[in-house]
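Next up, data_22.cif (mmCIF, C-alpha atoms):
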```cif
data_data
#
loop_
_atom_site.group_PDB
_atom_site.id
_atom_site.type_symbol
_atom_site.label_atom_id
_atom_site.label_comp_id
_atom_site.auth_asym_id
_atom_site.auth_seq_id
_atom_site.Cartn_x
_atom_site.Cartn_y
_atom_site.Cartn_z
ATOM 1 C CA MET A 101 63.208 -23.040 14.172
ATOM 2 C CA LEU A 102 62.704 -26.441 12.629
ATOM 3 C CA PRO A 103 65.774 -28.469 11.611
ATOM 4 C CA GLY A 104 65.979 -28.671 7.828
ATOM 5 C CA PHE A 105 63.642 -25.691 7.437
ATOM 6 C CA THR A 106 65.631 -22.945 9.160
ATOM 7 C CA GLU A 107 65.324 -20.544 6.218
ATOM 8 C CA TYR A 108 61.541 -20.707 6.483
ATOM 9 C CA THR A 109 61.032 -21.093 10.205
ATOM 10 C CA ALA A 110 63.521 -18.559 11.535
ATOM 11 C CA ASP A 111 62.089 -15.712 13.577
ATOM 12 C CA LEU A 112 60.741 -12.826 11.543
ATOM 13 C CA THR A 113 63.292 -10.070 11.078
ATOM 14 C CA PRO A 114 62.505 -6.333 11.317
ATOM 15 C CA SER A 115 62.430 -6.329 7.503
ATOM 16 C CA ASP A 116 59.969 -9.257 7.545
ATOM 17 C CA MET A 117 57.816 -7.374 10.048
ATOM 18 C CA HIS A 118 57.597 -4.488 7.557
ATOM 19 C CA LEU A 119 56.504 -6.992 4.905
ATOM 20 C CA CYS A 120 53.910 -8.353 7.368
ATOM 21 C CA ARG A 121 52.132 -5.008 7.111
ATOM 22 C CA VAL A 122 52.018 -5.368 3.340
ATOM 23 C CA VAL A 123 50.831 -8.988 3.596
ATOM 24 C CA TRP A 124 48.146 -7.877 6.071
ATOM 25 C CA GLY A 125 47.102 -5.236 3.527
ATOM 26 C CA ALA A 126 46.694 -7.885 0.817
ATOM 27 C CA LEU A 127 44.661 -10.106 3.128
ATOM 28 C CA ASN A 128 42.528 -7.254 4.416
ATOM 29 C CA GLN A 129 41.792 -5.946 0.913
ATOM 30 C CA SER A 130 40.784 -9.421 -0.243
ATOM 31 C CA PHE A 131 38.611 -10.047 2.821
ATOM 32 C CA LYS A 132 36.785 -6.724 2.426
ATOM 33 C CA ALA A 133 35.959 -7.821 -1.111
ATOM 34 C CA GLY A 134 34.697 -11.163 0.262
ATOM 35 C CA GLU A 135 37.280 -13.099 -1.743
ATOM 36 C CA SER A 136 39.974 -15.670 -1.086
ATOM 37 C CA ILE A 137 43.580 -14.850 -1.876
ATOM 38 C CA THR A 138 46.346 -17.326 -2.658
ATOM 39 C CA ASN A 139 49.902 -17.270 -1.382
ATOM 40 C CA ARG A 140 51.062 -16.539 -4.958
ATOM 41 C CA LYS A 141 48.727 -13.526 -5.237
ATOM 42 C CA ILE A 142 49.907 -12.237 -1.865
ATOM 43 C CA ASN A 143 53.515 -12.530 -3.021
ATOM 44 C CA GLU A 144 52.638 -10.645 -6.235
ATOM 45 C CA TYR A 145 50.969 -7.935 -4.125
ATOM 46 C CA VAL A 146 54.040 -7.689 -1.872
ATOM 47 C CA THR A 147 56.431 -7.596 -4.854
ATOM 48 C CA GLU A 148 54.370 -4.877 -6.592
ATOM 49 C CA ARG A 149 54.387 -2.663 -3.525
ATOM 50 C CA THR A 150 57.902 -3.267 -2.212
ATOM 51 C CA GLY A 151 59.955 -4.515 -5.134
ATOM 52 C CA HIS A 152 60.962 -7.533 -3.030
ATOM 53 C CA ALA A 153 59.655 -11.037 -3.674
ATOM 54 C CA SER A 154 59.360 -13.472 -0.801
ATOM 55 C CA SER A 155 59.114 -17.251 -0.638
ATOM 56 C CA GLY A 156 55.844 -19.110 -0.164
ATOM 57 C CA PRO A 157 56.935 -20.517 3.203
ATOM 58 C CA LYS A 158 58.012 -17.060 4.423
ATOM 59 C CA ILE A 159 54.604 -15.625 3.409
ATOM 60 C CA ARG A 160 52.931 -18.459 5.358
ATOM 61 C CA LYS A 161 55.130 -17.653 8.372
ATOM 62 C CA MET A 162 54.032 -14.003 8.178
ATOM 63 C CA ILE A 163 50.367 -14.971 7.839
ATOM 64 C CA ASN A 164 50.693 -17.289 10.825
ATOM 65 C CA TRP A 165 52.166 -14.435 12.875
ATOM 66 C CA ILE A 166 49.423 -12.039 11.729
ATOM 67 C CA HIS A 167 46.716 -14.505 12.774
ATOM 68 C CA THR A 168 48.212 -15.822 16.003
ATOM 69 C CA SER A 169 48.960 -12.250 17.113
ATOM 70 C CA GLY A 170 45.267 -11.440 16.827
ATOM 71 C CA HIS A 171 45.589 -9.003 13.928
ATOM 72 C CA LEU A 172 43.187 -10.843 11.651
ATOM 73 C CA PRO A 173 40.565 -12.850 13.564
ATOM 74 C CA GLY A 174 38.591 -15.415 11.610
ATOM 75 C CA LEU A 175 41.394 -16.169 9.164
ATOM 76 C CA ILE A 176 41.055 -19.596 7.583
ATOM 77 C CA ALA A 177 42.805 -21.325 4.706
ATOM 78 C CA ASP A 178 41.664 -23.911 2.216
ATOM 79 C CA SER A 179 42.525 -25.074 -1.293
ATOM 80 C CA LYS A 180 41.353 -21.711 -2.690
ATOM 81 C CA GLY A 181 43.615 -19.646 -0.447
ATOM 82 C CA TYR A 182 43.185 -17.515 2.633
ATOM 83 C CA ARG A 183 39.860 -15.973 3.539
ATOM 84 C CA CYS A 184 37.840 -14.709 6.454
ATOM 85 C CA ALA A 185 35.280 -17.084 7.936
ATOM 86 C CA LYS A 186 31.705 -15.883 7.629
ATOM 87 C CA SER A 187 30.354 -17.788 10.648
ATOM 88 C CA VAL A 188 31.258 -19.595 13.837
ATOM 89 C CA GLU A 189 30.248 -22.829 12.104
ATOM 90 C CA GLU A 190 32.811 -22.187 9.383
ATOM 91 C CA LEU A 191 35.504 -21.561 12.017
ATOM 92 C CA ASP A 192 34.462 -24.759 13.795
ATOM 93 C CA GLU A 193 34.750 -26.707 10.536
ATOM 94 C CA TYR A 194 38.217 -25.243 9.967
ATOM 95 C CA SER A 195 39.170 -26.196 13.521
ATOM 96 C CA GLY A 196 38.162 -29.777 12.718
ATOM 97 C CA SER A 197 40.296 -29.690 9.583
ATOM 98 C CA LEU A 198 43.314 -28.552 11.609
ATOM 99 C CA LYS A 199 42.698 -31.307 14.162
ATOM 100 C CA GLY A 200 42.658 -33.854 11.331
ATOM 101 C CA ARG A 201 45.976 -32.538 10.009
ATOM 102 C CA ILE A 202 47.474 -32.701 13.510
ATOM 103 C CA SER A 203 46.276 -36.293 13.830
ATOM 104 C CA ALA A 204 47.846 -37.247 10.486
ATOM 105 C CA ILE A 205 51.163 -35.684 11.554
ATOM 106 C CA GLN A 206 51.004 -37.563 14.868
ATOM 107 C CA GLU A 207 50.471 -40.847 12.985
ATOM 108 C CA ARG A 208 53.492 -40.061 10.822
ATOM 109 C CA LEU A 209 55.530 -39.261 13.943
ATOM 110 C CA GLN A 210 54.600 -42.625 15.458
ATOM 111 C CA ALA A 211 55.759 -44.388 12.273
ATOM 112 C CA VAL A 212 59.097 -42.553 12.395
ATOM 113 C CA LYS A 213 59.509 -43.462 16.079
ATOM 114 C CA ARG A 214 58.817 -47.095 15.161
ATOM 115 C CA ASP A 215 61.480 -46.873 12.444
ATOM 116 C CA ILE A 216 63.963 -45.409 14.924
ATOM 117 C CA ASN A 217 63.266 -48.231 17.341
ATOM 118 C CA ASN A 218 63.629 -50.852 14.601
ATOM 119 C CA TYR A 219 66.854 -49.251 13.391
ATOM 120 C CA LYS A 220 68.274 -49.267 16.905
ATOM 121 C CA GLN A 221 67.397 -52.946 17.134
ATOM 122 C CA GLN A 222 69.122 -53.519 13.748
ATOM 123 C CA GLN A 223 65.872 -54.627 12.158
ATOM 124 C CA LEU A 224 65.809 -51.865 9.593
ATOM 125 C CA THR A 225 68.176 -51.391 6.717
ATOM 126 C CA PHE A 226 68.318 -48.312 4.564
ATOM 127 C CA LYS A 227 68.291 -48.850 0.837
#
```
Would you write out, as structure tokens, the structure that this file holds?
Amino acid sequence: MLPGFTEYTADLTPSDMHLCRVVWGALNQSFKAGESITNRKINEYVTERTGHASSGPKIRKMINWIHTSGHLPGLIADSKGYRCAKSVEELDEYSGSLKGRISAIQERLQAVKRDINNYKQQQLTFK
């Protein structure tokens, strides 16, 4: 769990795991059609089939579990939604994109650590 995001980062419940099957169905159906699918469309699919809406972050958590558990190899995401990579080169490009995002987060972390250090040294005031 991440502090400040506990609602979205809590472990998946048995009920969430049932919804994972429905989310997997939405992804699988879209991939077989060779299309991308957005988080919003996945949530609509889940709501249609179960009568229960979910949050965008919870859907992302389920998709992350589906992919990291090996249930949907080749899953990638971009501005158009989730889709299945069509080549190793496409997966490699996505890997590079993830590395860039990690690097940007690390830079942000370093800035926050600097701010903590400055605050501890009484060089930073909060407005």
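Near Ser154 of chain A, within a cut-off of 10 Å and counting all atoms listed in the file, sit the residues Asp116, Leu119, Arg140, Ile142, Asn143, Glu144, Val146 and Thr147 of chain A, with same-chain residues fewer than 6 positions away left out.
Checking A:Ser179, A:Asn139, A:Ser130, A:Thr168 one by one against Ser155 of chain A, counting all atoms listed in the file, you find the shortest gap at A:Asn139.
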### Summary
Of A:Ile205, A:Ala211, A:Leu112, A:Ala126, the one nearest to Pro157 of chain A when counting only C-alpha atoms is A:Leu112
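Reported to one decimal place, the separation of atom CA of Ile176 of chain A from atom CA of Tyr194 of chain A is 6.8 Å.
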### Summary
Between A:Trp165, A:Tyr219, A:Tyr182, A:Trp124, smallest distance to Ile137 of chain A by only C-alpha atoms belongs to A:Tyr182
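Atom CA of Phe131 of chain A to atom CA of Asp192 of chain A spans 18.8 Å [interatomic distance, one decimal].
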### Query
When you draw a straight line from atom CA of Gly181 of chain A to atom CA of Ser136 of chain A, how long is it in Å?
5.4 Å
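Using all atoms listed in the file, the nearest neighbour of Leu127 of chain A within the list A:Ile163, A:Ala110, A:Ser195, A:Gln210 is A:Ile163.
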Write out as JSON an axis-aligned box for segment 131-145 of chain A: all of its atoms listed in the file, 3 Å added on each side, centre and edge lengths in Å with one decimal.
```
{"center_x": 44.1, "center_y": -12.0, "center_z": -1.7, "size_x": 24.8, "size_y": 16.6, "size_z": 15.1}
```
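In this comparison, which uses all atoms listed in the file, the residue of A:Leu175, A:Met162, A:Cys184, A:Ala133 approaching Ser115 of chain A most closely is A:Met162.
Residue nearest Ala177 of chain A within the list A:Thr138, A:Gln206, A:Gln129, A:Gln222: A:Thr138 [criterion: smallest interatomic distance, only C-alpha atoms].
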Would you mind completing segment 108-120 of chain A so that it carries N, CA and C atoms, and writing it out as an mmCIF file, in the frame of the given file?
```cif
data_model
loop_
_atom_site.group_PDB
_atom_site.id
_atom_site.type_symbol
_atom_site.label_atom_id
_atom_site.label_comp_id
_atom_site.auth_asym_id
_atom_site.auth_seq_id
_atom_site.Cartn_x
_atom_site.Cartn_y
_atom_site.Cartn_z
ATOM 1 N N TYR A 108 62.958 -21.030 6.481
ATOM 2 C CA TYR A 108 61.541 -20.707 6.483
ATOM 3 C C TYR A 108 60.949 -20.550 7.879
ATOM 4 N N THR A 109 61.614 -21.113 8.869
ATOM 5 C CA THR A 109 61.032 -21.093 10.205
ATOM 6 C C THR A 109 61.777 -20.190 11.174
ATOM 7 N N ALA A 110 62.781 -19.494 10.678
ATOM 8 C CA ALA A 110 63.521 -18.559 11.535
ATOM 9 C C ALA A 110 62.576 -17.444 11.976
ATOM 10 N N ASP A 111 62.892 -16.830 13.098
ATOM 11 C CA ASP A 111 62.089 -15.712 13.577
ATOM 12 C C ASP A 111 62.014 -14.627 12.511
ATOM 13 N N LEU A 112 60.906 -13.919 12.499
ATOM 14 C CA LEU A 112 60.741 -12.826 11.543
ATOM 15 C C LEU A 112 61.691 -11.682 11.903
ATOM 16 N N THR A 113 62.351 -11.176 10.895
ATOM 17 C CA THR A 113 63.292 -10.070 11.078
ATOM 18 C C THR A 113 62.527 -8.748 11.056
ATOM 19 N N PRO A 114 63.167 -7.638 11.441
ATOM 20 C CA PRO A 114 62.505 -6.333 11.317
ATOM 21 C C PRO A 114 62.037 -6.062 9.877
ATOM 22 N N SER A 115 62.821 -6.487 8.908
ATOM 23 C CA SER A 115 62.430 -6.329 7.503
ATOM 24 C C SER A 115 61.185 -7.158 7.196
ATOM 25 N N ASP A 116 61.148 -8.401 7.726
ATOM 26 C CA ASP A 116 59.969 -9.257 7.545
ATOM 27 C C ASP A 116 58.734 -8.620 8.194
ATOM 28 N N MET A 117 58.944 -8.004 9.350
ATOM 29 C CA MET A 117 57.816 -7.374 10.048
ATOM 30 C C MET A 117 57.245 -6.236 9.202
ATOM 31 N N HIS A 118 58.101 -5.520 8.482
ATOM 32 C CA HIS A 118 57.597 -4.488 7.557
ATOM 33 C C HIS A 118 56.759 -5.160 6.466
ATOM 34 N N LEU A 119 57.255 -6.278 5.944
ATOM 35 C CA LEU A 119 56.504 -6.992 4.905
ATOM 36 C C LEU A 119 55.192 -7.554 5.454
ATOM 37 N N CYS A 120 55.157 -7.875 6.747
ATOM 38 C CA CYS A 120 53.910 -8.353 7.368
ATOM 39 C C CYS A 120 52.795 -7.325 7.189
#
```
